[in-house]
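Raw contents of upload.pdb, PDB, C-alpha atoms:
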```pdb
ATOM      1  CA  MET A   1     -71.322 -16.057  17.487
ATOM      2  CA  ARG A   2     -74.005 -18.322  15.961
ATOM      3  CA  VAL A   3     -73.589 -16.458  12.704
ATOM      4  CA  PHE A   4     -69.872 -17.230  12.723
ATOM      5  CA  ARG A   5     -70.535 -20.922  13.453
ATOM      6  CA  LYS A   6     -72.891 -21.137  10.493
ATOM      7  CA  ARG A   7     -70.684 -18.978   8.291
ATOM      8  CA  PRO A   8     -67.051 -19.640   9.341
ATOM      9  CA  MET A   9     -65.738 -17.805   6.291
ATOM     10  CA  LEU A  10     -67.355 -14.602   7.554
ATOM     11  CA  GLY A  11     -65.771 -15.146  10.962
ATOM     12  CA  MET A  12     -62.353 -15.597   9.364
ATOM     13  CA  VAL A  13     -62.742 -12.360   7.402
ATOM     14  CA  VAL A  14     -63.833 -10.357  10.459
ATOM     15  CA  VAL A  15     -60.999 -11.694  12.633
ATOM     16  CA  SER A  16     -58.487 -11.090   9.829
ATOM     17  CA  VAL A  17     -59.570  -7.478   9.343
ATOM     18  CA  LEU A  18     -59.380  -6.778  13.083
ATOM     19  CA  ALA A  19     -55.981  -8.500  13.355
ATOM     20  CA  THR A  20     -54.696  -6.458  10.415
ATOM     21  CA  ILE A  21     -55.839  -3.162  11.921
ATOM     22  CA  VAL A  22     -54.347  -4.004  15.326
ATOM     23  CA  GLY A  23     -51.126  -5.316  13.769
ATOM     24  CA  ILE A  24     -50.591  -2.198  11.663
ATOM     25  CA  ALA A  25     -51.365   0.079  14.613
ATOM     26  CA  ILE A  26     -48.864  -1.731  16.842
ATOM     27  CA  SER A  27     -46.149  -1.838  14.164
ATOM     28  CA  LEU A  28     -46.450   1.907  13.548
ATOM     29  CA  ALA A  29     -46.601   2.735  17.260
ATOM     30  CA  ILE A  30     -43.343   0.948  18.105
ATOM     31  CA  ASP A  31     -40.247   3.162  18.005
ATOM     32  CA  TRP A  32     -38.008   0.759  16.105
ATOM     33  CA  PHE A  33     -34.976   2.977  15.542
ATOM     34  CA  PRO A  34     -32.655   5.361  17.417
ATOM     35  CA  PRO A  35     -32.972   9.141  16.862
ATOM     36  CA  GLN A  36     -32.460  10.360  13.300
ATOM     37  CA  ALA A  37     -29.141  12.089  12.618
ATOM     38  CA  SER A  38     -28.918  12.234   8.809
ATOM     39  CA  THR A  39     -31.011  13.591   5.963
ATOM     40  CA  ALA A  40     -31.630  10.050   4.686
ATOM     41  CA  ALA A  41     -32.939   8.728   8.003
ATOM     42  CA  ASP A  42     -36.507   9.980   7.540
ATOM     43  CA  ASP A  43     -36.811   8.433   4.054
ATOM     44  CA  ILE A  44     -35.488   5.098   5.316
ATOM     45  CA  ASP A  45     -37.810   5.108   8.334
ATOM     46  CA  GLN A  46     -40.741   5.890   6.052
ATOM     47  CA  LEU A  47     -39.739   3.015   3.763
ATOM     48  CA  TRP A  48     -39.739   0.734   6.807
ATOM     49  CA  ASP A  49     -43.255   1.883   7.744
ATOM     50  CA  VAL A  50     -44.518   1.213   4.215
ATOM     51  CA  LEU A  51     -43.008  -2.284   4.269
ATOM     52  CA  MET A  52     -44.614  -2.980   7.651
ATOM     53  CA  VAL A  53     -48.035  -1.771   6.466
ATOM     54  CA  ALA A  54     -47.719  -4.011   3.396
ATOM     55  CA  SER A  55     -46.387  -7.017   5.318
ATOM     56  CA  VAL A  56     -48.942  -7.207   8.134
ATOM     57  CA  PRO A  57     -51.996  -7.896   5.892
ATOM     58  CA  ILE A  58     -50.044 -10.531   3.954
ATOM     59  CA  PHE A  59     -48.971 -12.260   7.164
ATOM     60  CA  VAL A  60     -52.534 -12.169   8.536
ATOM     61  CA  LEU A  61     -53.969 -13.503   5.262
ATOM     62  CA  VAL A  62     -51.549 -16.434   5.101
ATOM     63  CA  MET A  63     -52.094 -17.356   8.757
ATOM     64  CA  ALA A  64     -55.878 -16.974   8.468
ATOM     65  CA  VAL A  65     -56.081 -19.285   5.452
ATOM     66  CA  ALA A  66     -53.816 -21.824   7.158
ATOM     67  CA  ILE A  67     -55.794 -21.809  10.435
ATOM     68  CA  TYR A  68     -59.144 -21.853   8.593
ATOM     69  CA  SER A  69     -58.043 -24.841   6.500
ATOM     70  CA  VAL A  70     -56.819 -26.763   9.546
ATOM     71  CA  LEU A  71     -60.040 -26.173  11.486
ATOM     72  CA  ILE A  72     -62.639 -26.552   8.737
ATOM     73  CA  PHE A  73     -61.124 -29.210   6.512
ATOM     74  CA  ARG A  74     -59.389 -31.372   9.096
ATOM     75  CA  ALA A  75     -59.995 -35.107   8.809
ATOM     76  CA  LYS A  76     -62.549 -36.631  11.133
ATOM     77  CA  PRO A  77     -61.302 -39.032  13.834
ATOM     78  CA  GLY A  78     -60.723 -42.462  12.305
ATOM     79  CA  ASP A  79     -60.869 -41.232   8.703
ATOM     80  CA  LEU A  80     -57.776 -42.678   7.017
ATOM     81  CA  SER A  81     -58.946 -42.252   3.431
ATOM     82  CA  ASP A  82     -56.979 -40.274   0.862
ATOM     83  CA  GLY A  83     -58.047 -36.804  -0.092
ATOM     84  CA  ALA A  84     -59.838 -36.128  -3.344
ATOM     85  CA  PRO A  85     -57.465 -35.804  -6.334
ATOM     86  CA  ILE A  86     -57.201 -32.155  -7.331
ATOM     87  CA  HIS A  87     -55.456 -31.188 -10.554
ATOM     88  CA  GLY A  88     -55.259 -27.486  -9.801
ATOM     89  CA  ASN A  89     -57.070 -24.333 -10.833
ATOM     90  CA  THR A  90     -55.276 -22.358 -13.521
ATOM     91  CA  LYS A  91     -57.192 -19.118 -12.973
ATOM     92  CA  LEU A  92     -56.612 -19.225  -9.216
ATOM     93  CA  GLU A  93     -52.914 -19.954  -9.691
ATOM     94  CA  ILE A  94     -52.559 -16.992 -12.052
ATOM     95  CA  VAL A  95     -54.261 -14.740  -9.510
ATOM     96  CA  TRP A  96     -52.119 -15.770  -6.530
ATOM     97  CA  VAL A  97     -48.928 -15.394  -8.572
ATOM     98  CA  THR A  98     -49.846 -12.096 -10.230
ATOM     99  CA  ILE A  99     -50.962 -10.240  -7.087
ATOM    100  CA  PRO A 100     -47.759 -10.936  -5.071
ATOM    101  CA  PHE A 101     -45.662 -10.132  -8.166
ATOM    102  CA  ILE A 102     -47.313  -6.725  -8.507
ATOM    103  CA  MET A 103     -46.968  -5.987  -4.777
ATOM    104  CA  VAL A 104     -43.306  -6.984  -4.640
ATOM    105  CA  SER A 105     -42.552  -5.021  -7.823
ATOM    106  CA  VAL A 106     -44.164  -1.862  -6.430
ATOM    107  CA  LEU A 107     -42.277  -2.161  -3.126
ATOM    108  CA  ALA A 108     -39.009  -2.871  -4.953
ATOM    109  CA  ALA A 109     -39.510   0.186  -7.170
ATOM    110  CA  TYR A 110     -40.202   2.365  -4.134
ATOM    111  CA  GLY A 111     -37.088   1.021  -2.389
ATOM    112  CA  TRP A 112     -34.996   1.680  -5.504
ATOM    113  CA  ILE A 113     -36.235   5.289  -5.667
ATOM    114  CA  VAL A 114     -35.259   5.863  -2.020
ATOM    115  CA  LEU A 115     -31.843   4.245  -2.559
ATOM    116  CA  ASP A 116     -31.244   6.300  -5.710
ATOM    117  CA  GLN A 117     -32.003   9.513  -3.825
ATOM    118  CA  ILE A 118     -29.649   8.565  -0.992
ATOM    119  CA  GLU A 119     -26.786   7.676  -3.351
ATOM    120  CA  GLU A 120     -27.099  10.810  -5.495
ATOM    121  CA  LYS A 121     -23.854  12.793  -5.585
ATOM    122  CA  GLN A 122     -24.078  16.127  -3.738
ATOM    123  CA  THR A 123     -22.283  19.416  -4.255
ATOM    124  CA  ASN A 124     -19.552  20.289  -1.740
ATOM    125  CA  GLU A 125     -19.194  16.588  -0.959
ATOM    126  CA  MET A 126     -16.332  15.589   1.336
ATOM    127  CA  VAL A 127     -14.543  12.275   0.835
ATOM    128  CA  VAL A 128     -13.621  10.239   3.920
ATOM    129  CA  ASN A 129     -11.603   7.055   3.497
ATOM    130  CA  VAL A 130     -12.552   4.421   6.071
ATOM    131  CA  THR A 131     -10.138   1.553   6.692
ATOM    132  CA  ALA A 132     -11.245  -1.449   8.731
ATOM    133  CA  GLN A 133      -8.909  -3.928  10.384
ATOM    134  CA  GLN A 134      -9.108  -6.316  13.294
ATOM    135  CA  PHE A 135     -10.323  -4.624  15.477
ATOM    136  CA  ALA A 136     -10.293  -0.903  14.756
ATOM    137  CA  TRP A 137     -11.372   1.807  12.324
ATOM    138  CA  ARG A 138      -9.060   4.380  10.724
ATOM    139  CA  PHE A 139     -10.157   7.509   8.885
ATOM    140  CA  ASP A 140      -8.423   9.914   6.558
ATOM    141  CA  TYR A 141      -9.584  13.012   4.716
ATOM    142  CA  PRO A 142      -7.858  13.152   1.290
ATOM    143  CA  ASP A 143      -9.610  16.394   0.276
ATOM    144  CA  GLU A 144      -8.713  18.130   3.540
ATOM    145  CA  GLY A 145      -4.922  18.013   3.477
ATOM    146  CA  LYS A 146      -4.740  14.203   3.737
ATOM    147  CA  VAL A 147      -5.410  14.321   7.464
ATOM    148  CA  LYS A 148      -5.364  10.889   9.133
ATOM    149  CA  SER A 149      -7.160  10.170  12.386
ATOM    150  CA  ASN A 150      -8.416   7.346  14.549
ATOM    151  CA  GLN A 151     -11.556   9.365  15.292
ATOM    152  CA  LEU A 152     -14.304  10.299  12.854
ATOM    153  CA  VAL A 153     -15.411  13.935  12.906
ATOM    154  CA  LEU A 154     -17.995  15.314  10.454
ATOM    155  CA  ALA A 155     -19.553  18.706   9.831
ATOM    156  CA  LYS A 156     -23.311  19.113  10.181
ATOM    157  CA  ASP A 157     -25.118  19.461   6.823
ATOM    158  CA  ARG A 158     -21.898  18.693   4.893
ATOM    159  CA  PRO A 159     -22.431  15.776   2.465
ATOM    160  CA  VAL A 160     -19.936  12.943   2.885
ATOM    161  CA  GLU A 161     -18.892  10.088   0.636
ATOM    162  CA  PHE A 162     -17.402   7.226   2.630
ATOM    163  CA  ARG A 163     -14.993   5.000   0.729
ATOM    164  CA  VAL A 164     -14.757   1.893   2.843
ATOM    165  CA  ARG A 165     -12.120  -0.827   2.568
ATOM    166  CA  THR A 166     -10.637  -3.553   4.743
ATOM    167  CA  GLU A 167      -7.069  -4.667   5.325
ATOM    168  CA  ASP A 168      -7.917  -8.191   6.437
ATOM    169  CA  VAL A 169     -11.345  -9.854   6.735
ATOM    170  CA  LEU A 170     -14.996  -8.937   6.230
ATOM    171  CA  HIS A 171     -16.286  -6.105   8.402
ATOM    172  CA  SER A 172     -19.434  -3.977   8.316
ATOM    173  CA  PHE A 173     -19.486  -0.195   8.814
ATOM    174  CA  TRP A 174     -22.681   0.863  10.624
ATOM    175  CA  VAL A 175     -23.867   4.108  12.191
ATOM    176  CA  PRO A 176     -27.430   3.419  13.431
ATOM    177  CA  GLU A 177     -28.461   7.074  13.791
ATOM    178  CA  PHE A 178     -27.406   7.757  10.183
ATOM    179  CA  ARG A 179     -29.271   4.649   8.940
ATOM    180  CA  LEU A 180     -25.938   3.962   7.250
ATOM    181  CA  LYS A 181     -24.479   0.506   6.773
ATOM    182  CA  THR A 182     -22.152  -1.131   4.257
ATOM    183  CA  ASP A 183     -19.957  -4.222   4.245
ATOM    184  CA  THR A 184     -16.207  -4.090   3.701
ATOM    185  CA  VAL A 185     -14.964  -6.806   1.371
ATOM    186  CA  PRO A 186     -11.267  -7.700   0.960
ATOM    187  CA  GLY A 187      -9.975  -6.322  -2.325
ATOM    188  CA  LEU A 188     -12.937  -3.986  -2.883
ATOM    189  CA  THR A 189     -13.740  -0.383  -1.999
ATOM    190  CA  THR A 190     -17.413   0.213  -1.249
ATOM    191  CA  ARG A 191     -18.919   3.688  -1.353
ATOM    192  CA  ILE A 192     -21.832   5.119   0.561
ATOM    193  CA  ARG A 193     -23.108   8.674   0.991
ATOM    194  CA  VAL A 194     -24.643  10.457   3.954
ATOM    195  CA  THR A 195     -25.359  14.002   5.099
ATOM    196  CA  PRO A 196     -25.251  14.411   8.921
ATOM    197  CA  SER A 197     -28.137  16.556  10.103
ATOM    198  CA  LYS A 198     -27.836  16.615  13.883
ATOM    199  CA  ILE A 199     -24.936  17.684  16.082
ATOM    200  CA  GLY A 200     -23.946  14.992  18.571
ATOM    201  CA  GLU A 201     -21.826  11.922  19.197
ATOM    202  CA  TYR A 202     -22.825   8.569  17.748
ATOM    203  CA  GLU A 203     -21.344   5.088  17.608
ATOM    204  CA  VAL A 204     -19.636   3.361  14.696
ATOM    205  CA  VAL A 205     -20.216  -0.378  15.038
ATOM    206  CA  CYS A 206     -18.857  -3.394  13.177
ATOM    207  CA  THR A 207     -21.762  -5.783  12.567
ATOM    208  CA  GLU A 208     -19.854  -8.536  10.760
ATOM    209  CA  LEU A 209     -18.311 -11.230  12.970
ATOM    210  CA  CYS A 210     -14.625 -10.572  12.311
ATOM    211  CA  GLY A 211     -12.721 -12.397  15.035
ATOM    212  CA  LEU A 212     -12.017 -12.550  18.751
ATOM    213  CA  GLY A 213     -12.222  -8.796  19.327
ATOM    214  CA  HIS A 214     -15.312  -8.188  17.177
ATOM    215  CA  SER A 215     -17.368  -6.875  20.094
ATOM    216  CA  THR A 216     -14.724  -4.232  20.837
ATOM    217  CA  MET A 217     -14.612  -2.892  17.274
ATOM    218  CA  ARG A 218     -16.472   0.291  18.079
ATOM    219  CA  GLN A 219     -15.610   3.912  17.492
ATOM    220  CA  ASN A 220     -17.379   7.236  17.922
ATOM    221  CA  VAL A 221     -18.346   9.715  15.233
ATOM    222  CA  ARG A 222     -18.722  13.346  16.274
ATOM    223  CA  VAL A 223     -20.969  15.638  14.267
ATOM    224  CA  VAL A 224     -20.059  19.281  14.878
ATOM    225  CA  SER A 225     -20.665  22.665  13.291
ATOM    226  CA  GLN A 226     -18.655  23.603  10.205
ATOM    227  CA  GLU A 227     -16.655  26.124  12.260
ATOM    228  CA  GLU A 228     -15.773  23.524  14.894
ATOM    229  CA  PHE A 229     -14.885  21.034  12.171
ATOM    230  CA  ASP A 230     -12.495  23.521  10.548
ATOM    231  CA  THR A 231     -10.880  24.138  13.946
ATOM    232  CA  TRP A 232     -10.468  20.405  14.581
ATOM    233  CA  LEU A 233      -9.039  19.919  11.100
ATOM    234  CA  GLY A 234      -6.465  22.660  11.674
ATOM    235  CA  GLU A 235      -5.406  21.124  14.986
ATOM    236  CA  GLU A 236      -5.039  17.695  13.374
ATOM    237  CA  LYS A 237      -2.832  19.148  10.637
ATOM    238  CA  LYS A 238      -0.596  20.873  13.194
ATOM    239  CA  GLN A 239      -0.341  17.710  15.285
ATOM    240  CA  GLU A 240       0.526  15.623  12.233
ATOM    241  CA  GLN A 241       3.173  18.115  11.138
ATOM    242  CA  GLY A 242       4.665  18.071  14.644
ATOM    243  CA  GLU A 243       4.787  14.276  14.686
ATOM    244  CA  GLN A 244       6.447  14.205  11.278
ATOM    245  CA  ALA A 245       9.027  16.733  12.476
ATOM    246  CA  SER A 246       9.700  14.631  15.592
ATOM    247  CA  ALA A 247      10.149  11.519  13.474
ATOM    248  CA  ALA A 248      12.515  13.353  11.121
ATOM    249  CA  GLY A 249      14.492  14.541  14.150
ATOM    250  CA  GLY A 250      14.933  11.001  15.421
ATOM    251  CA  ASP A 251      12.251  10.996  18.149
ATOM    252  CA  GLN A 252      11.435   7.303  17.844
ATOM    253  CA  ALA A 253       9.155   7.268  20.891
ATOM    254  CA  SER A 254       6.806   9.874  19.384
ATOM    255  CA  GLU A 255       6.849   8.131  16.021
ATOM    256  CA  GLY A 256       6.130   4.781  17.662
ATOM    257  CA  LYS A 257       3.211   6.223  19.595
ATOM    258  CA  ARG A 258       1.807   7.745  16.403
ATOM    259  CA  VAL A 259       2.012   4.439  14.544
ATOM    260  CA  PHE A 260       0.502   2.577  17.511
ATOM    261  CA  THR A 261      -2.434   5.003  17.661
ATOM    262  CA  GLU A 262      -3.152   5.507  13.961
ATOM    263  CA  ASP A 263      -2.680   1.925  12.787
ATOM    264  CA  GLY A 264      -5.190   0.425  15.199
ATOM    265  CA  CYS A 265      -2.716  -1.367  17.480
ATOM    266  CA  ALA A 266      -4.696  -0.120  20.485
ATOM    267  CA  SER A 267      -7.650  -2.285  19.474
ATOM    268  CA  CYS A 268      -5.735  -5.387  20.636
ATOM    269  CA  HIS A 269      -2.764  -4.301  22.763
ATOM    270  CA  SER A 270      -2.523  -2.326  25.992
ATOM    271  CA  LEU A 271      -0.008   0.521  26.268
ATOM    272  CA  ALA A 272      -0.209   3.016  29.112
ATOM    273  CA  ASP A 273       1.564   5.821  27.230
ATOM    274  CA  ALA A 274      -1.082   5.631  24.478
ATOM    275  CA  GLU A 275      -3.939   5.294  27.008
ATOM    276  CA  SER A 276      -4.861   1.879  25.637
ATOM    277  CA  ALA A 277      -6.164  -0.838  27.946
ATOM    278  CA  SER A 278      -7.266  -3.544  25.495
ATOM    279  CA  GLY A 279      -6.610  -7.092  26.649
ATOM    280  CA  ILE A 280      -7.130  -9.056  23.439
ATOM    281  CA  GLY A 281      -3.420  -9.321  22.605
ATOM    282  CA  PRO A 282      -0.255  -9.157  24.747
ATOM    283  CA  GLY A 283       0.385  -5.960  26.695
ATOM    284  CA  LEU A 284       3.262  -3.826  25.411
ATOM    285  CA  ASP A 285       4.227  -1.804  28.495
ATOM    286  CA  ASP A 286       7.089  -4.192  29.337
ATOM    287  CA  LEU A 287       8.001  -4.998  25.735
ATOM    288  CA  GLY A 288      11.443  -3.362  25.977
ATOM    289  CA  ASP A 289      12.534  -5.361  29.025
ATOM    290  CA  THR A 290      11.030  -8.556  27.609
ATOM    291  CA  ALA A 291      12.766  -8.080  24.245
ATOM    292  CA  ARG A 292      16.156  -7.512  25.880
ATOM    293  CA  ARG A 293      15.798 -10.489  28.227
ATOM    294  CA  MET A 294      14.396 -12.943  25.679
ATOM    295  CA  GLY A 295      16.666 -11.678  22.890
ATOM    296  CA  LYS A 296      19.707 -12.384  25.046
ATOM    297  CA  ARG A 297      18.390 -15.878  25.772
ATOM    298  CA  HIS A 298      17.982 -16.601  22.034
ATOM    299  CA  GLY A 299      21.154 -14.821  20.939
ATOM    300  CA  GLN A 300      19.227 -12.010  19.246
ATOM    301  CA  SER A 301      19.089  -8.252  19.486
ATOM    302  CA  PRO A 302      15.860  -6.814  20.979
ATOM    303  CA  ALA A 303      14.700  -5.744  17.492
ATOM    304  CA  GLN A 304      15.408  -9.198  16.048
ATOM    305  CA  TYR A 305      13.505 -10.861  18.873
ATOM    306  CA  VAL A 306      10.447  -8.630  18.348
ATOM    307  CA  ARG A 307      10.388  -9.392  14.618
ATOM    308  CA  ALA A 308      10.751 -13.124  15.272
ATOM    309  CA  ALA A 309       8.035 -13.086  17.952
ATOM    310  CA  ILE A 310       5.598 -11.375  15.583
ATOM    311  CA  ALA A 311       6.364 -13.734  12.686
ATOM    312  CA  ASN A 312       6.239 -16.879  14.829
ATOM    313  CA  PRO A 313       4.686 -16.258  18.272
ATOM    314  CA  ASP A 314       4.762 -19.942  19.290
ATOM    315  CA  ALA A 315       8.549 -20.120  18.894
ATOM    316  CA  SER A 316       9.168 -17.609  21.682
TER     317      SER A 316
END
```
Rewrite the coordinates I just gave you, this time as structure tokens.
Amino acid sequence: MRVFRKRPMLGMVVVSVLATIVGIAISLAIDWFPPQASTAADDIDQLWDVLMVASVPIFVLVMAVAIYSVLIFRAKPGDLSDGAPIHGNTKLEIVWVTIPFIMVSVLAAYGWIVLDQIEEKQTNEMVVNVTAQQFAWRFDYPDEGKVKSNQLVLAKDRPVEFRVRTEDVLHSFWVPEFRLKTDTVPGLTTRIRVTPSKIGEYEVVCTELCGLGHSTMRQNVRVVSQEEFDTWLGEEKKQEQGEQASAAGGDQASEGKRVFTEDGCASCHSLADAESASGIGPGLDDLGDTARRMGKRHGQSPAQYVRAAIANPDAS
């Protein structure tokens, strides 16, 4: 310890080296992310580790210099004099600008390489259109018979290109296990690619504050085998054909349920027949009775009352 008192710079270096080693060890030991479920997950996790290993020494260096300066060069009690005028050191300034520039450039290049690999178009790629709205997700498969669904099902090891858009405000499409995240911007379609690598069920989360029901804007994505995916796809096609036939035959109840389910109405409104229990907006189980009663009061048909109530809720 006497050596460190006589040579404080040596003490700072020793403490900094030890702090760097401990900091890197802790940062690499922590399990920061959920289990990997896509081919890109390992590359992204490795990029994170590289950034942590690069960041810890920089953080330690900055803090060490700051603490050393405060302790060694602090003013003595009662000393109110100004510090010595220093006009700078050109060589030192060039060094402390050049080194961070090189480090940041190398890390940026590495990140770009990883991103370029992730975004590379794959053979046998399946397109999935993702539509966000307050407060639900809708999915359709244009290459698979234009199937539409309120659930996301993917085949293991089948590359996917998500084309993400929004019908109202900003949202963010995030699947943590895929290491997949992209914002949805009104008027734009954003694209992102992923290849699921692990069978299971994962959560789709909106991470952009989008309104009152933001916390409920969650959906599940199921990753299944190719055979199971083909079976699910066939069942969805049959169900959609049946619903279209019912609508053509005048079955308004079935058509209404389909619209309620597919268009995200369940994210805000409760309806027992559609197994929806959301409480963000008004419940619709008694809508028929309410429309008849209130329509009669206002001299309107039930359909006219419903339209008026939607257009101007405060008037009803």
Hey, can you check how far atom CA of A:Thr231 sits from atom CA of A:Thr190?
-> 29.1 Å
Separating atom CA of A:Asn89 from atom CA of A:Ser105, to the nearest tenth of an Å, is a gap of 24.3 Å
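This file, filtered with the PyMOL selection byres ((chain A and resi 207-210) around 10), gives the residues Gln133, Gln134, Phe135, Asp168, Val169, Leu170, His171, Ser172, Phe173, Trp174, Lys181, Thr182, Asp183, Thr184, Val204, Val205, Cys206, Gly211, Leu212, Gly213, His214, Ser215, Met217 and Arg218 of chain A.
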Residues returned when the PyMOL selection byres ((chain A and resi 64-75) around 10) runs on this file, as JSON, numbers by chain | {"A": [8, 9, 11, 12, 13, 15, 16, 19, 58, 59, 60, 61, 62, 63, 76, 77, 78, 79, 80, 81, 82, 83]}
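Minimum atom-to-atom distances from A:Val164, A:Ala155, A:Ile113, A:Val127 to A:Gly200 were compared using all atoms listed in the file, and the lowest value belongs to A:Ala155.
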Please write out, as lines of an AutoDock Vina configuration file, where the centre of an axis-aligned box around all listed atoms of stretch 195-208 of chain A lies and how long its edges are, in Å to one decimal, after adding 3 Å on each side.
```
center_x = -23.5
center_y = 4.6
center_z = 12.1
size_x = 15.3
size_y = 32.2
size_z = 20.1
```
Selection in question (the file shown): the PyMOL selection byres ((chain A and resi 142-144) around 8). Which residues does it include, as a compact mmCIF listing (two decimals) with C-alpha atoms, in the frame of the given file?
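Full text of part.txt as output:
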```txt
# COMPACT_ATOMS: atom_id res chain seq x y z
CA MET A 126 -16.33 15.59 1.34
CA VAL A 127 -14.54 12.28 0.84
CA VAL A 128 -13.62 10.24 3.92
CA ASN A 129 -11.60 7.06 3.50
CA ASP A 140 -8.42 9.91 6.56
CA TYR A 141 -9.58 13.01 4.72
CA GLY A 145 -4.92 18.01 3.48
CA LYS A 146 -4.74 14.20 3.74
CA VAL A 147 -5.41 14.32 7.46
CA LEU A 233 -9.04 19.92 11.10
```
Residues within 7 Å of A:Thr195, all atoms listed in the file, excluding chain neighbours under 2 positions, as a PDB file with C-alpha atoms, in the frame of the given file:
```pdb
ATOM      1  CA  SER A  38     -28.918  12.234   8.809  1.00  0.00           C
ATOM      2  CA  THR A  39     -31.011  13.591   5.963  1.00  0.00           C
ATOM      3  CA  ASP A 157     -25.118  19.461   6.823  1.00  0.00           C
ATOM      4  CA  ARG A 158     -21.898  18.693   4.893  1.00  0.00           C
ATOM      5  CA  PRO A 159     -22.431  15.776   2.465  1.00  0.00           C
ATOM      6  CA  VAL A 160     -19.936  12.943   2.885  1.00  0.00           C
ATOM      7  CA  SER A 197     -28.137  16.556  10.103  1.00  0.00           C
TER       8      SER A 197
END
```
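Distance-wise, atom CA of A:Val50 and atom CA of A:Val114 end up 12.1 Å apart.
Nearest to A:Tyr110 of all the residues A:Pro85, A:His269, A:Gln226, A:Leu47 is A:Leu47, based on all atoms listed in the file.
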Might you pull out every residue within 9 Å of A:Gly23, with all atoms listed in the file counted and same-chain residues fewer than 2 positions away left off, and present them as an mmCIF file with C-alpha atoms, keeping the file's coordinate frame?
```
data_model
loop_
_atom_site.group_PDB
_atom_site.id
_atom_site.type_symbol
_atom_site.label_atom_id
_atom_site.label_comp_id
_atom_site.auth_asym_id
_atom_site.auth_seq_id
_atom_site.Cartn_x
_atom_site.Cartn_y
_atom_site.Cartn_z
ATOM 1 C CA LEU A 18 -59.380 -6.778 13.083
ATOM 2 C CA ALA A 19 -55.981 -8.500 13.355
ATOM 3 C CA THR A 20 -54.696 -6.458 10.415
ATOM 4 C CA ILE A 21 -55.839 -3.162 11.921
ATOM 5 C CA ALA A 25 -51.365 0.079 14.613
ATOM 6 C CA ILE A 26 -48.864 -1.731 16.842
ATOM 7 C CA SER A 27 -46.149 -1.838 14.164
ATOM 8 C CA LEU A 28 -46.450 1.907 13.548
ATOM 9 C CA VAL A 53 -48.035 -1.771 6.466
ATOM 10 C CA VAL A 56 -48.942 -7.207 8.134
ATOM 11 C CA PRO A 57 -51.996 -7.896 5.892
ATOM 12 C CA VAL A 60 -52.534 -12.169 8.536
#
```
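If all atoms listed in the file are the atoms counted, then among A:Ser55, A:Glu236, A:Leu115, A:Asp49 the closest residue to A:Asp31 is A:Asp49.
Closest approach to A:Ala136 from the set A:Pro35, A:Asn150, A:Thr189, A:Glu203 is made by A:Asn150, with distances taken over all atoms listed in the file.
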